[in-house]
Amino acid sequence: MSDTETDDSGPAVIRREPGRLLWEQLLDDLRRRLDVDAFTDGFPGELALVEEYGVSRHTVRQAVKVLRDEGRVVGT
C-alpha cells in the first residue's frame, strides 16, 4: 500500500512510517501538486499547509525550503 492517498490535485494523507521522513513525503506531494497546477490561487503559506496536512510547521518549512532552493516556489 502506498504511503499517501489522494485525488488528482488535493493534498495527500501523510502517514508516519519507519524509514520515511514526514518532510520528504510532504515534499513529494507538494511537487506532485505543483506539477498538476493545483495551486491556481497561489502557493499556500506555512500555516495553511500545517493545517491542510496535519504536520508541524517545522516539517512544512523543511519541505518548502527545498522547493525554494529548486526555484519551484518563491518566498515573499
# chains A, B, ... in the order shown; residues from 1 in each chain; ligands from 1
call {"tool": "residues_around", "arguments": {"residues": "Pro11 in chain A", "least_positions_apart": "2", "cutoff": "12 Å", "atoms": "only C-alpha atoms", "output": "list in words"}}
result
Thr4, Glu5, Thr6, Asp7, Asp8, Ser9, Val13, Ile14, Gln25, Leu26, Leu27, Asp28, Asp29, Leu30, Arg31, Arg32, Arg33, Leu34, Val36, Ala38, Phe39, Pro44, Ala48, Leu49, Val50, Glu51, Glu52, Tyr53 and Gly54 of chain A
call {"tool": "write_last_selection", "arguments": {"atoms": "C-alpha atoms", "output": "compact mmCIF listing (two decimals), in the first residue's frame"}}
result
# COMPACT_ATOMS: atom_id res chain seq x y z
CA THR A 4 -0.24 8.55 0.58
CA GLU A 5 -3.84 8.68 -0.58
CA THR A 6 -5.10 11.49 -2.77
CA ASP A 7 -7.21 12.66 -5.66
CA ASP A 8 -5.50 14.31 -8.65
CA SER A 9 -4.83 17.73 -7.14
CA VAL A 13 -2.77 11.97 3.62
CA ILE A 14 0.70 11.71 5.08
CA GLN A 25 6.65 12.80 2.00
CA LEU A 26 5.28 16.33 2.11
CA LEU A 27 7.87 17.49 -0.42
CA ASP A 28 6.90 14.69 -2.80
CA ASP A 29 3.24 15.59 -2.51
CA LEU A 30 3.82 19.32 -2.96
CA ARG A 31 5.91 18.60 -6.07
CA ARG A 32 3.09 16.41 -7.41
CA ARG A 33 0.53 19.14 -6.80
CA LEU A 34 2.76 21.77 -8.41
CA VAL A 36 -0.63 19.36 -11.93
CA ALA A 38 -3.11 22.54 -8.17
CA PHE A 39 -2.22 25.95 -6.72
CA PRO A 44 -0.31 28.42 0.33
CA ALA A 48 -2.22 26.77 5.74
CA LEU A 49 -0.04 23.78 4.83
CA VAL A 50 0.30 22.84 8.51
CA GLU A 51 -3.47 22.73 8.82
CA GLU A 52 -4.07 21.06 5.47
CA TYR A 53 -1.59 18.23 6.03
CA GLY A 54 -1.74 17.91 9.81
call {"tool": "select_by_dssp", "arguments": {"residues": "chain A", "states": "helix (DSSP H, G or I)", "output": "JSON, numbers by chain"}}
result
{"A": [22, 23, 24, 25, 26, 27, 28, 29, 30, 31, 32, 33, 34, 35, 46, 47, 48, 49, 50, 51, 52, 53, 57, 58, 59, 60, 61, 62, 63, 64, 65, 66, 67, 68, 69, 70]}
call {"tool": "write_last_selection", "arguments": {"atoms": "C-alpha atoms", "output": "PDB file, in the first residue's frame"}}
result
ATOM      1  CA  LEU A  22       7.469  13.354   7.006  1.00  0.00           C
ATOM      2  CA  TRP A  23       9.029  16.372   5.309  1.00  0.00           C
ATOM      3  CA  GLU A  24      10.179  14.182   2.406  1.00  0.00           C
ATOM      4  CA  GLN A  25       6.653  12.804   1.996  1.00  0.00           C
ATOM      5  CA  LEU A  26       5.282  16.335   2.107  1.00  0.00           C
ATOM      6  CA  LEU A  27       7.873  17.494  -0.422  1.00  0.00           C
ATOM      7  CA  ASP A  28       6.904  14.692  -2.804  1.00  0.00           C
ATOM      8  CA  ASP A  29       3.242  15.594  -2.513  1.00  0.00           C
ATOM      9  CA  LEU A  30       3.819  19.324  -2.965  1.00  0.00           C
ATOM     10  CA  ARG A  31       5.909  18.601  -6.074  1.00  0.00           C
ATOM     11  CA  ARG A  32       3.092  16.411  -7.411  1.00  0.00           C
ATOM     12  CA  ARG A  33       0.531  19.137  -6.802  1.00  0.00           C
ATOM     13  CA  LEU A  34       2.757  21.774  -8.406  1.00  0.00           C
ATOM     14  CA  ASP A  35       3.148  19.509 -11.449  1.00  0.00           C
ATOM     15  CA  GLU A  46       3.179  27.670   6.005  1.00  0.00           C
ATOM     16  CA  LEU A  47       0.272  27.777   8.428  1.00  0.00           C
ATOM     17  CA  ALA A  48      -2.224  26.773   5.739  1.00  0.00           C
ATOM     18  CA  LEU A  49      -0.043  23.782   4.830  1.00  0.00           C
ATOM     19  CA  VAL A  50       0.302  22.839   8.511  1.00  0.00           C
ATOM     20  CA  GLU A  51      -3.467  22.734   8.817  1.00  0.00           C
ATOM     21  CA  GLU A  52      -4.072  21.057   5.467  1.00  0.00           C
ATOM     22  CA  TYR A  53      -1.589  18.227   6.025  1.00  0.00           C
ATOM     23  CA  ARG A  57       5.427  23.918  10.985  1.00  0.00           C
ATOM     24  CA  HIS A  58       8.998  22.599  11.091  1.00  0.00           C
ATOM     25  CA  THR A  59       8.015  19.794   8.701  1.00  0.00           C
ATOM     26  CA  VAL A  60       6.426  22.300   6.320  1.00  0.00           C
ATOM     27  CA  ARG A  61       9.455  24.612   6.493  1.00  0.00           C
ATOM     28  CA  GLN A  62      11.848  21.810   5.579  1.00  0.00           C
ATOM     29  CA  ALA A  63       9.804  20.798   2.533  1.00  0.00           C
ATOM     30  CA  VAL A  64       9.177  24.362   1.357  1.00  0.00           C
ATOM     31  CA  LYS A  65      12.875  25.224   1.739  1.00  0.00           C
ATOM     32  CA  VAL A  66      13.729  22.533  -0.794  1.00  0.00           C
ATOM     33  CA  LEU A  67      11.073  23.867  -3.190  1.00  0.00           C
ATOM     34  CA  ARG A  68      12.540  27.349  -2.823  1.00  0.00           C
ATOM     35  CA  ASP A  69      16.066  26.032  -3.391  1.00  0.00           C
ATOM     36  CA  GLU A  70      14.797  24.307  -6.554  1.00  0.00           C
TER      37      GLU A  70
END
call {"tool": "atom_distance", "arguments": {"atom1": "CA of Gly19 in chain A", "atom2": "CA of Asp37 in chain A"}}
result
29.2 Å
call {"tool": "atom_distance", "arguments": {"atom1": "CA of Leu21 in chain A", "atom2": "CA of Phe43 in chain A"}}
result
22.3 Å
call {"tool": "decode", "arguments": {"residues": "chain A", "atoms": "C-alpha atoms", "output": "PDB file, in the first residue's frame"}}
result
ATOM      1  CA  MET A   1       0.000   0.000   0.000  1.00  0.00           C
ATOM      2  CA  SER A   2       1.284   3.500  -0.762  1.00  0.00           C
ATOM      3  CA  ASP A   3       2.157   5.972   1.972  1.00  0.00           C
ATOM      4  CA  THR A   4      -0.242   8.555   0.584  1.00  0.00           C
ATOM      5  CA  GLU A   5      -3.838   8.682  -0.581  1.00  0.00           C
ATOM      6  CA  THR A   6      -5.101  11.494  -2.766  1.00  0.00           C
ATOM      7  CA  ASP A   7      -7.214  12.664  -5.659  1.00  0.00           C
ATOM      8  CA  ASP A   8      -5.505  14.314  -8.646  1.00  0.00           C
ATOM      9  CA  SER A   9      -4.828  17.730  -7.140  1.00  0.00           C
ATOM     10  CA  GLY A  10      -5.748  17.606  -3.470  1.00  0.00           C
ATOM     11  CA  PRO A  11      -3.387  17.017  -0.595  1.00  0.00           C
ATOM     12  CA  ALA A  12      -2.252  13.509   0.220  1.00  0.00           C
ATOM     13  CA  VAL A  13      -2.770  11.972   3.619  1.00  0.00           C
ATOM     14  CA  ILE A  14       0.702  11.711   5.082  1.00  0.00           C
ATOM     15  CA  ARG A  15       1.321   8.794   7.411  1.00  0.00           C
ATOM     16  CA  ARG A  16       4.177   8.261   9.828  1.00  0.00           C
ATOM     17  CA  GLU A  17       6.142   5.280   8.571  1.00  0.00           C
ATOM     18  CA  PRO A  18       9.546   3.916   9.554  1.00  0.00           C
ATOM     19  CA  GLY A  19      12.332   4.962   7.212  1.00  0.00           C
ATOM     20  CA  ARG A  20      10.346   7.749   5.544  1.00  0.00           C
ATOM     21  CA  LEU A  21      10.665  11.299   6.895  1.00  0.00           C
ATOM     22  CA  LEU A  22       7.469  13.354   7.006  1.00  0.00           C
ATOM     23  CA  TRP A  23       9.029  16.372   5.309  1.00  0.00           C
ATOM     24  CA  GLU A  24      10.179  14.182   2.406  1.00  0.00           C
ATOM     25  CA  GLN A  25       6.653  12.804   1.996  1.00  0.00           C
ATOM     26  CA  LEU A  26       5.282  16.335   2.107  1.00  0.00           C
ATOM     27  CA  LEU A  27       7.873  17.494  -0.422  1.00  0.00           C
ATOM     28  CA  ASP A  28       6.904  14.692  -2.804  1.00  0.00           C
ATOM     29  CA  ASP A  29       3.242  15.594  -2.513  1.00  0.00           C
ATOM     30  CA  LEU A  30       3.819  19.324  -2.965  1.00  0.00           C
ATOM     31  CA  ARG A  31       5.909  18.601  -6.074  1.00  0.00           C
ATOM     32  CA  ARG A  32       3.092  16.411  -7.411  1.00  0.00           C
ATOM     33  CA  ARG A  33       0.531  19.137  -6.802  1.00  0.00           C
ATOM     34  CA  LEU A  34       2.757  21.774  -8.406  1.00  0.00           C
ATOM     35  CA  ASP A  35       3.148  19.509 -11.449  1.00  0.00           C
ATOM     36  CA  VAL A  36      -0.633  19.360 -11.930  1.00  0.00           C
ATOM     37  CA  ASP A  37      -1.073  23.119 -11.323  1.00  0.00           C
ATOM     38  CA  ALA A  38      -3.113  22.543  -8.169  1.00  0.00           C
ATOM     39  CA  PHE A  39      -2.216  25.945  -6.723  1.00  0.00           C
ATOM     40  CA  THR A  40      -4.023  28.195  -9.187  1.00  0.00           C
ATOM     41  CA  ASP A  41      -4.722  30.789  -6.484  1.00  0.00           C
ATOM     42  CA  GLY A  42      -1.073  30.866  -5.401  1.00  0.00           C
ATOM     43  CA  PHE A  43       1.059  28.644  -3.232  1.00  0.00           C
ATOM     44  CA  PRO A  44      -0.311  28.416   0.330  1.00  0.00           C
ATOM     45  CA  GLY A  45       1.554  29.775   3.325  1.00  0.00           C
ATOM     46  CA  GLU A  46       3.179  27.670   6.005  1.00  0.00           C
ATOM     47  CA  LEU A  47       0.272  27.777   8.428  1.00  0.00           C
ATOM     48  CA  ALA A  48      -2.224  26.773   5.739  1.00  0.00           C
ATOM     49  CA  LEU A  49      -0.043  23.782   4.830  1.00  0.00           C
ATOM     50  CA  VAL A  50       0.302  22.839   8.511  1.00  0.00           C
ATOM     51  CA  GLU A  51      -3.467  22.734   8.817  1.00  0.00           C
ATOM     52  CA  GLU A  52      -4.072  21.057   5.467  1.00  0.00           C
ATOM     53  CA  TYR A  53      -1.589  18.227   6.025  1.00  0.00           C
ATOM     54  CA  GLY A  54      -1.741  17.912   9.808  1.00  0.00           C
ATOM     55  CA  VAL A  55       2.029  18.181  10.249  1.00  0.00           C
ATOM     56  CA  SER A  56       4.253  20.544  12.224  1.00  0.00           C
ATOM     57  CA  ARG A  57       5.427  23.918  10.985  1.00  0.00           C
ATOM     58  CA  HIS A  58       8.998  22.599  11.091  1.00  0.00           C
ATOM     59  CA  THR A  59       8.015  19.794   8.701  1.00  0.00           C
ATOM     60  CA  VAL A  60       6.426  22.300   6.320  1.00  0.00           C
ATOM     61  CA  ARG A  61       9.455  24.612   6.493  1.00  0.00           C
ATOM     62  CA  GLN A  62      11.848  21.810   5.579  1.00  0.00           C
ATOM     63  CA  ALA A  63       9.804  20.798   2.533  1.00  0.00           C
ATOM     64  CA  VAL A  64       9.177  24.362   1.357  1.00  0.00           C
ATOM     65  CA  LYS A  65      12.875  25.224   1.739  1.00  0.00           C
ATOM     66  CA  VAL A  66      13.729  22.533  -0.794  1.00  0.00           C
ATOM     67  CA  LEU A  67      11.073  23.867  -3.190  1.00  0.00           C
ATOM     68  CA  ARG A  68      12.540  27.349  -2.823  1.00  0.00           C
ATOM     69  CA  ASP A  69      16.066  26.032  -3.391  1.00  0.00           C
ATOM     70  CA  GLU A  70      14.797  24.307  -6.554  1.00  0.00           C
ATOM     71  CA  GLY A  71      13.176  27.568  -7.715  1.00  0.00           C
ATOM     72  CA  ARG A  72       9.702  25.998  -7.761  1.00  0.00           C
ATOM     73  CA  VAL A  73       8.250  28.469  -5.243  1.00  0.00           C
ATOM     74  CA  VAL A  74       9.297  31.979  -4.309  1.00  0.00           C
ATOM     75  CA  GLY A  75       9.109  33.378  -0.793  1.00  0.00           C
ATOM     76  CA  THR A  76       7.752  36.830  -0.206  1.00  0.00           C
TER      77      THR A  76
END
